[in-house]
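Novice: So that you have it, the file is coords29.cif, and it contains mmCIF, C-alpha atoms:
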data_work
loop_
_atom_site.label_atom_id
_atom_site.label_comp_id
_atom_site.auth_asym_id
_atom_site.auth_seq_id
_atom_site.Cartn_x
_atom_site.Cartn_y
_atom_site.Cartn_z
CA MET A 154 -13.51 10.37 -10.72
CA ALA A 155 -17.05 8.99 -10.87
CA ALA A 156 -18.71 8.32 -7.54
CA LEU A 157 -20.43 5.04 -6.90
CA ALA A 158 -24.24 5.20 -6.93
CA MET A 159 -25.14 4.11 -3.42
CA PRO A 160 -28.49 3.07 -1.93
CA ASP A 161 -30.19 5.80 0.12
CA VAL A 162 -29.76 3.92 3.39
CA ILE A 163 -25.96 3.94 2.97
CA VAL A 164 -25.93 7.60 2.02
CA ASP A 165 -28.01 8.35 5.13
CA GLU A 166 -25.68 6.30 7.35
CA THR A 167 -22.66 8.13 5.94
CA GLN A 168 -24.34 11.49 6.47
CA ASP A 169 -25.13 10.50 10.06
CA TRP A 170 -21.49 9.70 10.75
CA LEU A 171 -20.28 12.97 9.23
CA ARG A 172 -22.86 15.05 11.07
CA ASP A 173 -22.21 13.37 14.42
CA LEU A 174 -18.42 13.56 14.12
CA ARG A 175 -18.49 17.22 13.07
CA ASP A 176 -20.91 18.45 15.71
CA PRO A 177 -19.09 19.17 19.01
CA ALA A 178 -22.25 18.13 20.88
CA THR A 179 -22.27 14.60 19.41
CA ARG A 180 -18.59 14.07 18.54
CA GLU A 181 -17.61 12.24 21.70
CA ALA A 182 -20.47 9.75 21.43
CA ALA A 183 -19.77 9.24 17.71
CA CYS A 184 -16.09 8.57 18.46
CA ALA A 185 -17.17 6.05 21.08
CA ARG A 186 -19.28 4.28 18.41
CA LEU A 187 -16.54 4.44 15.77
CA HIS A 188 -13.62 3.26 17.88
CA PRO A 189 -14.85 -0.37 18.27
CA LEU A 190 -15.28 -0.61 14.49
CA LEU A 191 -11.72 0.63 13.97
CA LEU A 192 -10.47 -1.79 16.61
CA ARG A 193 -12.16 -4.69 14.82
CA ALA A 194 -10.43 -3.72 11.56
CA ALA A 195 -7.08 -3.33 13.33
CA ARG A 196 -7.46 -6.75 15.00
CA PHE A 197 -8.25 -8.28 11.63
CA GLU A 198 -5.05 -6.80 10.22
CA VAL A 199 -2.68 -7.80 13.03
CA ALA A 200 -4.05 -11.36 12.81
CA ARG A 201 -3.45 -11.39 9.03
CA ARG A 202 0.13 -10.27 9.62
CA ASN A 203 0.82 -13.01 12.16
CA VAL A 204 1.74 -10.63 14.94
CA PRO A 205 2.49 -12.79 18.02
CA TYR A 206 -0.66 -13.29 20.12
CA GLY A 207 0.75 -11.50 23.16
CA ASP A 208 1.30 -8.28 21.19
CA ARG A 209 -1.90 -8.24 19.18
CA ASP A 210 -4.23 -6.40 21.57
CA ASP A 211 -1.78 -3.58 22.30
CA LEU A 212 -0.86 -3.12 18.68
CA ALA A 213 -4.49 -3.17 17.50
CA LEU A 214 -5.52 -0.69 20.20
CA GLN A 215 -2.71 1.71 19.26
CA ALA A 216 -3.69 1.38 15.60
CA ALA A 217 -7.37 2.10 16.34
CA ASP A 218 -6.44 5.12 18.49
CA ASP A 219 -4.14 6.52 15.79
CA ALA A 220 -6.71 5.82 13.09
CA LEU A 221 -9.38 7.73 14.99
CA ILE A 222 -7.07 10.74 15.28
CA ALA A 223 -6.27 10.58 11.55
CA ILE A 224 -9.95 10.26 10.64
CA LEU A 225 -10.96 13.30 12.70
CA ALA A 226 -8.11 15.31 11.16
CA LYS A 227 -9.07 14.30 7.62
CA LEU A 228 -12.84 14.31 7.92
CA ASP A 229 -13.18 17.21 5.49
CA SER A 230 -11.24 15.31 2.83
CA PHE A 231 -13.84 12.51 2.75
CA ARG A 232 -15.23 12.72 -0.78
CA GLY A 233 -18.29 10.55 -0.28
CA ALA A 234 -17.19 8.15 -3.01
CA SER A 235 -17.62 5.17 -0.68
CA ARG A 236 -19.42 4.33 2.53
CA PHE A 237 -18.02 6.29 5.44
CA THR A 238 -17.13 3.06 7.24
CA THR A 239 -15.11 1.72 4.27
CA TRP A 240 -13.21 5.03 4.21
CA ALA A 241 -12.64 4.80 7.97
CA TYR A 242 -11.57 1.14 7.93
CA LYS A 243 -8.70 1.88 5.56
CA PHE A 244 -7.11 4.15 8.19
CA ALA A 245 -7.30 1.42 10.85
CA LEU A 246 -5.95 -1.24 8.47
CA LEU A 247 -3.11 1.05 7.36
CA GLU A 248 -2.12 1.97 10.92
CA ALA A 249 -2.17 -1.70 11.94
CA ALA A 250 -0.23 -2.81 8.87
CA VAL A 251 2.48 -0.18 9.31
CA LYS A 252 2.86 -1.02 13.00
CA ALA A 253 2.98 -4.74 12.25
CA ARG A 254 5.61 -4.33 9.53
CA ARG A 255 7.75 -2.13 11.74
CA ARG A 256 7.37 -4.56 14.63
CA ALA A 257 8.47 -7.47 12.45
CA TRP A 258 11.62 -5.54 11.48
CA GLN A 259 12.36 -3.85 14.81
CA ARG A 260 15.33 -6.07 15.63
CA ARG A 261 16.52 -6.44 12.05
CA GLU A 262 19.15 -4.22 10.61
CA VAL A 263 18.50 -2.83 7.15
CA THR A 264 21.75 -3.24 5.26
CA ILE A 265 22.14 -2.47 1.61
CA ASP A 266 23.82 -5.51 0.11
CA ASP A 267 25.40 -4.36 -3.17
CA GLU A 268 27.01 -7.78 -3.55
CA ALA A 269 23.53 -9.17 -4.15
CA TRP A 270 23.55 -7.65 -7.64
CA GLY A 271 26.46 -9.92 -8.57
CA ARG A 272 24.38 -12.97 -7.68
CA ILE A 273 21.10 -11.80 -9.13
CA ALA A 274 21.12 -13.93 -12.28
CA GLU A 275 21.13 -17.01 -10.03
CA ARG A 276 17.67 -15.94 -8.86
CA GLY A 277 16.27 -16.16 -12.38
CA GLY A 278 15.47 -19.85 -12.18
CA ASP A 279 15.76 -21.99 -15.31
CA GLN A 280 14.48 -19.40 -17.74
CA LEU A 281 17.34 -18.13 -19.89
CA GLU A 282 15.41 -15.03 -20.91
CA THR A 283 14.83 -14.09 -17.27
CA GLN A 284 18.49 -14.73 -16.40
CA GLU A 285 19.56 -12.53 -19.32
CA LEU A 286 17.26 -9.71 -18.22
CA LEU A 287 18.44 -9.92 -14.62
CA ALA A 288 22.09 -9.83 -15.70
CA ALA A 289 21.35 -6.80 -17.88
CA ILE A 290 19.62 -5.06 -14.97
CA ALA A 291 22.58 -5.78 -12.67
CA ALA A 292 24.92 -4.27 -15.25
CA ALA A 293 22.69 -1.23 -15.78
CA VAL A 294 22.20 -0.38 -12.09
CA PRO A 295 25.63 1.19 -11.40
CA ARG A 296 25.61 2.84 -14.84
CA CYS A 297 22.13 4.39 -14.85
CA LEU A 298 21.04 5.00 -11.26
CA THR A 299 22.08 7.52 -8.66
CA ASP A 300 23.45 6.16 -5.37
CA HIS A 301 20.15 6.95 -3.66
CA GLN A 302 18.09 5.23 -6.37
CA ARG A 303 20.39 2.19 -6.20
CA ARG A 304 20.06 1.96 -2.42
CA VAL A 305 16.28 2.27 -2.51
CA LEU A 306 15.92 -0.26 -5.35
CA THR A 307 18.25 -2.71 -3.58
CA ALA A 308 16.39 -2.47 -0.28
CA LEU A 309 12.83 -2.53 -1.62
CA ALA A 310 13.03 -4.72 -4.70
CA LEU A 311 15.96 -7.00 -4.01
CA ASP A 312 16.09 -7.38 -0.23
CA GLY A 313 12.32 -7.13 0.36
CA VAL A 314 12.49 -4.42 3.03
CA PRO A 315 8.95 -3.05 3.54
CA VAL A 316 8.66 0.53 2.34
CA ASP A 317 7.29 1.74 5.70
CA VAL A 318 10.30 0.26 7.49
CA LEU A 319 12.76 1.84 5.07
CA ALA A 320 10.91 5.17 5.32
CA GLU A 321 11.25 5.10 9.11
CA ARG A 322 14.97 4.22 8.98
CA LEU A 323 15.74 6.89 6.38
CA ASP A 324 13.45 9.46 8.03
CA THR A 325 11.41 9.97 4.89
CA THR A 326 7.94 9.02 3.62
CA ARG A 327 6.53 6.02 1.83
CA GLY A 328 5.47 8.23 -1.06
CA ALA A 329 8.92 9.77 -1.47
CA LEU A 330 10.58 6.34 -1.49
CA TYR A 331 8.11 4.94 -3.99
CA LYS A 332 8.76 7.95 -6.26
CA THR A 333 12.48 7.15 -6.11
CA LEU A 334 11.74 3.48 -6.88
CA HIS A 335 9.48 4.51 -9.76
CA ASP A 336 12.17 6.76 -11.26
CA ALA A 337 14.79 4.02 -10.91
CA ARG A 338 12.52 1.51 -12.62
CA ARG A 339 11.83 3.94 -15.45
CA ARG A 340 15.57 4.45 -16.05
CA LEU A 341 16.20 0.70 -16.04
CA ARG A 342 13.33 0.04 -18.42
CA ALA A 343 14.61 2.73 -20.81
CA GLU A 344 18.08 1.15 -20.72
CA LEU A 345 16.74 -2.34 -21.40
CA GLU A 346 14.60 -1.02 -24.26
CA LYS A 347 17.71 0.65 -25.74
CA GLU A 348 19.47 -2.71 -25.58
CA GLY A 349 16.49 -4.40 -27.28
CA LEU A 350 15.76 -6.54 -24.22
CA LEU A 351 12.31 -5.09 -23.58
CA PRO A 352 9.65 -4.33 -26.19
CA MET B 251 7.36 -11.75 -15.96
CA SER B 252 8.93 -13.31 -12.87
CA GLU B 253 8.14 -11.92 -9.43
CA LEU B 254 11.69 -10.59 -9.06
CA LEU B 255 11.61 -8.88 -12.46
CA ASN B 256 8.28 -7.33 -11.56
CA ARG B 257 9.74 -5.95 -8.33
CA LEU B 258 12.77 -4.55 -10.16
CA LEU B 259 11.04 -3.12 -13.22
CA GLY B 260 7.53 -2.39 -11.98
CA PRO B 261 4.39 -2.35 -14.10
CA GLY B 262 5.81 -0.09 -16.84
CA GLU B 263 2.58 1.82 -17.34
CA PRO B 264 1.10 5.01 -15.93
CA GLU B 265 0.25 4.68 -12.25
CA VAL B 266 -1.02 6.80 -9.40
CA THR B 267 1.18 7.76 -6.45
CA CYS B 268 1.00 6.05 -3.04
CA GLU B 269 -0.84 9.10 -1.67
CA LEU B 270 -3.49 9.07 -4.40
CA CYS B 271 -3.78 5.28 -4.13
CA PHE B 272 -4.65 5.59 -0.44
CA GLU B 273 -7.12 8.38 -1.19
CA LEU B 274 -8.93 6.29 -3.80
CA LEU B 275 -8.62 2.88 -2.15
CA ASP B 276 -12.06 2.82 -0.47
CA GLU B 277 -13.80 3.80 -3.71
CA TYR B 278 -11.75 1.26 -5.70
CA VAL B 279 -12.63 -1.58 -3.33
CA GLU B 280 -16.34 -0.77 -3.32
CA LEU B 281 -16.36 -0.67 -7.13
CA GLU B 282 -14.72 -4.09 -7.14
CA LEU B 283 -17.25 -5.45 -4.66
CA VAL B 284 -20.24 -4.41 -6.77
CA GLY B 285 -18.62 -5.83 -9.91
CA GLU B 286 -17.88 -2.50 -11.57
CA ASP B 287 -14.77 -2.07 -13.72
CA ALA B 288 -12.66 -0.40 -11.03
CA ASP B 289 -9.61 -0.20 -13.31
CA GLU B 290 -11.48 1.73 -15.95
CA ARG B 291 -13.17 4.04 -13.44
CA LEU B 292 -9.95 4.80 -11.55
CA PRO B 293 -7.09 4.64 -14.06
CA GLY B 294 -3.60 4.02 -12.73
CA MET B 295 -4.74 2.18 -9.61
CA ARG B 296 -4.26 -1.36 -10.95
CA ALA B 297 -0.76 -0.55 -12.18
CA HIS B 298 0.21 0.98 -8.85
CA LEU B 299 -1.17 -1.97 -6.89
CA ALA B 300 0.91 -4.25 -9.13
CA GLY B 301 4.06 -2.21 -8.55
CA CYS B 302 3.86 -1.19 -4.90
CA PRO B 303 3.95 -4.13 -2.46
CA ALA B 304 2.74 -2.05 0.53
CA CYS B 305 -0.26 -0.56 -1.28
CA HIS B 306 -0.96 -4.01 -2.72
CA GLU B 307 -1.16 -5.42 0.81
CA ASP B 308 -3.34 -2.53 1.99
CA HIS B 309 -5.71 -3.18 -0.90
CA GLU B 310 -5.87 -6.91 -0.16
CA SER B 311 -6.66 -6.18 3.48
CA LEU B 312 -9.41 -3.63 2.82
CA LEU B 313 -11.00 -5.84 0.18
CA ALA B 314 -10.93 -8.87 2.49
CA PHE B 315 -12.19 -6.98 5.54
CA VAL B 316 -15.03 -5.12 3.81
CA SER B 317 -16.18 -8.17 1.87
CA ARG B 318 -16.20 -10.18 5.12
CA ARG B 319 -18.17 -7.43 6.89
CA SER B 320 -20.71 -7.24 4.07
CA ARG B 321 -21.32 -11.00 4.36
CA THR B 322 -22.05 -10.83 8.10
#
Go ahead and express the file in the form of C-alpha cells.

Specialist:
Amino acid sequence: MAALAMPDVIVDETQDWLRDLRDPATREAACARLHPLLLRAARFEVARRNVPYGDRDDLALQAADDALIAILAKLDSFRGASRFTTWAYKFALLEAAVKARRRAWQRREVTIDDEAWGRIAERGGDQLETQELLAAIAAAVPRCLTDHQRRVLTALALDGVPVDVLAERLDTTRGALYKTLHDARRRLRAELEKEGLLP
Amino acid sequence: MSELLNRLLGPGEPEVTCELCFELLDEYVELELVGEDADERLPGMRAHLAGCPACHEDHESLLAFVSRRSRT
C-alpha cells in the first residue's frame, strides 16, 4: 500500500509521539498529552450516537481509557501511513462507538425472527423487480445457507442488530461474524445468478 | 439497489476484512481528505465500507472528526 506523502512538520510530530510513547522516561507525560485528544474524539462519537447526556461523560472517559491501552499495545503496528493522531483517533472513535451501540441495545433482546423472511417481499416497496428479488432471496435462504449463516444474516441484515452487539451476545468477534455474513451473501448471489435474477 | 437488498446481498465485489479495514482506515481517510483516489490506492476498502454497516459508521466518524479538527 502506498503511503501518503506528508509535510515534514507532520512527520516530525508523528515521530515525536512515537518516541515519547516508547521511551519509559517520557511515556507517562506523553500519555497525559494524548488522553485529552482521545477524550475529545470519544465525546464527539457519543454525541453523534445520541447517547443520553447523563451517560456521555462516563462512556467517553471509558472509551478514551480503553483506547489509550489499545494504542500502547499496538504502537509497533503503526505503519506511518497517516498522522499519528489520525491513527490514534480511530481507536477512541471505535471504542466509543462500540460502547454506544452496546449501551443502546443493553435492554433489548436479540431474537432471530425467521418469520420475517415470509414478510420480506412486503418491504420491497412498489418496485416489482425488488419484490421479486426479495422473494427469491427468502426462498433461497433455507435452501442455501447453514443455520448459523441464516441466523447471522437475519440478525444483521434483516433485523438491523449492530455487529458489535451480536458479537458480544454470541461471544465471538465482529470479524468472524462479518465473514459469516460475507459467505452467506456470496451463496445467495450465486443462487440468484443461477436463477437469472442477477447479472 | 434498495437499501434492504444491499444489506442482504452486499457489494458483490472483492472487499477487505473488518480487521484490514480498521488497519487501513486512517490512511484511507487522509487520502480522501487530500483529494487522492483512496479507492484506487487501497482496493477493497470502498466495497467493504458499502457492505459493512459498522465499518461504514466508523469511517463516517473518523472522516467527520478529522476533517473538523483540520478546520480548527

Novice: Would you work out the distance separating atom CA of Gln168 of chain A from atom CA of Leu225 of chain A, expressed in Å to one decimal?

Specialist: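 That distance, rounded to one decimal, is 14.9 Å.
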
Novice: Using the chain letters and residue numbers of this document, give as a list in words the residues selected by the PyMOL selection byres ((chain A and resi 230-238) around 6).

Specialist: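 The output of the PyMOL selection byres ((chain A and resi 230-238) around 6) on this file is Ala156, Leu157, Thr167, Lys227, Leu228, Asp229, Thr239, Trp240, Ala241 and Tyr242 of chain A; Glu277 of chain B.
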
Novice: List as JSON lines every residue of chain A that is in contact with chain B, defined as an atom at most 8 Å from one of its atoms (using only C-alpha atoms), together with the nearest atom pair and the distance in Å rounded to one decimal, sorted by chain and then rising number.

Specialist:
{"residue": "A:Met154", "atom": "CA", "partner": "B:Leu292", "partner_atom": "CA", "distance": 6.7}
{"residue": "A:Ala155", "atom": "CA", "partner": "B:Arg291", "partner_atom": "CA", "distance": 6.8}
{"residue": "A:Ala156", "atom": "CA", "partner": "B:Glu277", "partner_atom": "CA", "distance": 7.7}
{"residue": "A:Leu157", "atom": "CA", "partner": "B:Leu281", "partner_atom": "CA", "distance": 7.0}
{"residue": "A:Ala194", "atom": "CA", "partner": "B:Phe315", "partner_atom": "CA", "distance": 7.1}
{"residue": "A:Phe197", "atom": "CA", "partner": "B:Phe315", "partner_atom": "CA", "distance": 7.4}
{"residue": "A:Glu198", "atom": "CA", "partner": "B:Ser311", "partner_atom": "CA", "distance": 7.0}
{"residue": "A:Ala234", "atom": "CA", "partner": "B:Glu277", "partner_atom": "CA", "distance": 5.6}
{"residue": "A:Ser235", "atom": "CA", "partner": "B:Glu277", "partner_atom": "CA", "distance": 5.1}
{"residue": "A:Thr239", "atom": "CA", "partner": "B:Asp276", "partner_atom": "CA", "distance": 5.7}
{"residue": "A:Trp240", "atom": "CA", "partner": "B:Asp276", "partner_atom": "CA", "distance": 5.3}
{"residue": "A:Tyr242", "atom": "CA", "partner": "B:Leu312", "partner_atom": "CA", "distance": 7.3}
{"residue": "A:Lys243", "atom": "CA", "partner": "B:Leu312", "partner_atom": "CA", "distance": 6.2}
{"residue": "A:Leu246", "atom": "CA", "partner": "B:Leu312", "partner_atom": "CA", "distance": 7.0}
{"residue": "A:Leu247", "atom": "CA", "partner": "B:Asp308", "partner_atom": "CA", "distance": 6.5}
{"residue": "A:Ala250", "atom": "CA", "partner": "B:Asp308", "partner_atom": "CA", "distance": 7.6}
{"residue": "A:Gly277", "atom": "CA", "partner": "B:Ser252", "partner_atom": "CA", "distance": 7.9}
{"residue": "A:Thr283", "atom": "CA", "partner": "B:Ser252", "partner_atom": "CA", "distance": 7.4}
{"residue": "A:Leu287", "atom": "CA", "partner": "B:Leu255", "partner_atom": "CA", "distance": 7.2}
{"residue": "A:Leu306", "atom": "CA", "partner": "B:Leu258", "partner_atom": "CA", "distance": 7.2}
{"residue": "A:Ala310", "atom": "CA", "partner": "B:Arg257", "partner_atom": "CA", "distance": 5.1}
{"residue": "A:Leu311", "atom": "CA", "partner": "B:Leu258", "partner_atom": "CA", "distance": 7.3}
{"residue": "A:Pro315", "atom": "CA", "partner": "B:Ala304", "partner_atom": "CA", "distance": 7.0}
{"residue": "A:Val316", "atom": "CA", "partner": "B:Ala304", "partner_atom": "CA", "distance": 6.7}
{"residue": "A:Asp317", "atom": "CA", "partner": "B:Ala304", "partner_atom": "CA", "distance": 7.9}
{"residue": "A:Arg327", "atom": "CA", "partner": "B:Cys268", "partner_atom": "CA", "distance": 7.4}
{"residue": "A:Gly328", "atom": "CA", "partner": "B:Cys268", "partner_atom": "CA", "distance": 5.4}
{"residue": "A:Tyr331", "atom": "CA", "partner": "B:Cys268", "partner_atom": "CA", "distance": 7.3}
{"residue": "A:Lys332", "atom": "CA", "partner": "B:Thr267", "partner_atom": "CA", "distance": 7.6}
{"residue": "A:His335", "atom": "CA", "partner": "B:Gly260", "partner_atom": "CA", "distance": 7.5}
{"residue": "A:Arg338", "atom": "CA", "partner": "B:Leu259", "partner_atom": "CA", "distance": 4.9}
{"residue": "A:Arg339", "atom": "CA", "partner": "B:Gly262", "partner_atom": "CA", "distance": 7.4}
{"residue": "A:Leu341", "atom": "CA", "partner": "B:Leu259", "partner_atom": "CA", "distance": 7.0}
{"residue": "A:Arg342", "atom": "CA", "partner": "B:Leu259", "partner_atom": "CA", "distance": 6.5}

Novice: Take atom CA of Arg256 of chain A and atom CA of Leu212 of chain A and report the distance between them in Å, one decimal.

Specialist: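 Going from atom CA of Arg256 of chain A over to atom CA of Leu212 of chain A, I get 9.3 Å.
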
Novice: Quick one: apply the PyMOL selection byres ((chain A and resi 216) around 10) to the file and drop the selected residues here as a ChimeraX atom specification.

Specialist: /A:191-192,194-196,198-199,210-215,217-222,244-253

Novice: Take atom CA of Arg254 of chain A and atom CA of Leu330 of chain A and report the distance between them in Å, one decimal.

Specialist: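 Separating atom CA of Arg254 of chain A from atom CA of Leu330 of chain A is a distance of 16.1 Å.
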
Novice: With the PyMOL selection byres ((chain A and resi 293) around 12) as the selection, what would be picked from this file? Answer as a JSON list (two decimals) with C-alpha atoms, in the frame of the given file, please.

Specialist:
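So expr.json came out as:
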[["chain", "number", "residue", "atom", "x", "y", "z"],
["A", 270, "TRP", "CA", 23.55, -7.65, -7.64],
["A", 271, "GLY", "CA", 26.46, -9.92, -8.57],
["A", 286, "LEU", "CA", 17.26, -9.71, -18.22],
["A", 287, "LEU", "CA", 18.44, -9.92, -14.62],
["A", 288, "ALA", "CA", 22.09, -9.83, -15.70],
["A", 289, "ALA", "CA", 21.35, -6.80, -17.88],
["A", 290, "ILE", "CA", 19.62, -5.06, -14.97],
["A", 291, "ALA", "CA", 22.58, -5.78, -12.67],
["A", 292, "ALA", "CA", 24.92, -4.27, -15.25],
["A", 294, "VAL", "CA", 22.20, -0.38, -12.09],
["A", 295, "PRO", "CA", 25.63, 1.19, -11.40],
["A", 296, "ARG", "CA", 25.61, 2.84, -14.84],
["A", 297, "CYS", "CA", 22.13, 4.39, -14.85],
["A", 298, "LEU", "CA", 21.04, 5.00, -11.26],
["A", 299, "THR", "CA", 22.08, 7.52, -8.66],
["A", 303, "ARG", "CA", 20.39, 2.19, -6.20],
["A", 337, "ALA", "CA", 14.79, 4.02, -10.91],
["A", 338, "ARG", "CA", 12.52, 1.51, -12.62],
["A", 340, "ARG", "CA", 15.57, 4.45, -16.05],
["A", 341, "LEU", "CA", 16.20, 0.70, -16.04],
["A", 342, "ARG", "CA", 13.33, 0.04, -18.42],
["A", 343, "ALA", "CA", 14.61, 2.73, -20.81],
["A", 344, "GLU", "CA", 18.08, 1.15, -20.72],
["A", 345, "LEU", "CA", 16.74, -2.34, -21.40],
["A", 346, "GLU", "CA", 14.60, -1.02, -24.26],
["A", 347, "LYS", "CA", 17.71, 0.65, -25.74],
["A", 348, "GLU", "CA", 19.47, -2.71, -25.58],
["B", 258, "LEU", "CA", 12.77, -4.55, -10.16]]

Novice: Could segment 266-293 of chain B be written out with C-alpha atoms, as a PDB file, in the first residue's frame, please?

Specialist:
ATOM      1  CA  VAL B 266     -11.137  -6.282   2.642  1.00  0.00           C
ATOM      2  CA  THR B 267     -11.974  -7.832   6.017  1.00  0.00           C
ATOM      3  CA  CYS B 268     -13.158  -5.807   9.028  1.00  0.00           C
ATOM      4  CA  GLU B 269      -9.690  -6.198  10.574  1.00  0.00           C
ATOM      5  CA  LEU B 270      -7.869  -4.893   7.498  1.00  0.00           C
ATOM      6  CA  CYS B 271     -10.445  -2.124   7.101  1.00  0.00           C
ATOM      7  CA  PHE B 272      -9.679  -0.876  10.611  1.00  0.00           C
ATOM      8  CA  GLU B 273      -5.942  -1.117   9.956  1.00  0.00           C
ATOM      9  CA  LEU B 274      -6.206   0.977   6.787  1.00  0.00           C
ATOM     10  CA  LEU B 275      -8.940   3.374   7.894  1.00  0.00           C
ATOM     11  CA  ASP B 276      -6.660   6.258   8.985  1.00  0.00           C
ATOM     12  CA  GLU B 277      -4.712   6.129   5.717  1.00  0.00           C
ATOM     13  CA  TYR B 278      -7.943   5.889   3.684  1.00  0.00           C
ATOM     14  CA  VAL B 279      -9.455   8.929   5.391  1.00  0.00           C
ATOM     15  CA  GLU B 280      -6.336  11.051   4.956  1.00  0.00           C
ATOM     16  CA  LEU B 281      -6.196  10.141   1.263  1.00  0.00           C
ATOM     17  CA  GLU B 282      -9.818  11.233   0.943  1.00  0.00           C
ATOM     18  CA  LEU B 283      -9.127  14.497   2.745  1.00  0.00           C
ATOM     19  CA  VAL B 284      -6.297  15.474   0.397  1.00  0.00           C
ATOM     20  CA  GLY B 285      -8.396  14.556  -2.645  1.00  0.00           C
ATOM     21  CA  GLU B 286      -6.437  11.442  -3.603  1.00  0.00           C
ATOM     22  CA  ASP B 287      -8.212   8.453  -5.149  1.00  0.00           C
ATOM     23  CA  ALA B 288      -8.459   6.444  -1.929  1.00  0.00           C
ATOM     24  CA  ASP B 289     -10.369   3.619  -3.638  1.00  0.00           C
ATOM     25  CA  GLU B 290      -7.644   3.087  -6.186  1.00  0.00           C
ATOM     26  CA  ARG B 291      -4.831   3.328  -3.631  1.00  0.00           C
ATOM     27  CA  LEU B 292      -6.493   0.950  -1.168  1.00  0.00           C
ATOM     28  CA  PRO B 293      -8.528  -1.560  -3.193  1.00  0.00           C
TER      29      PRO B 293
END
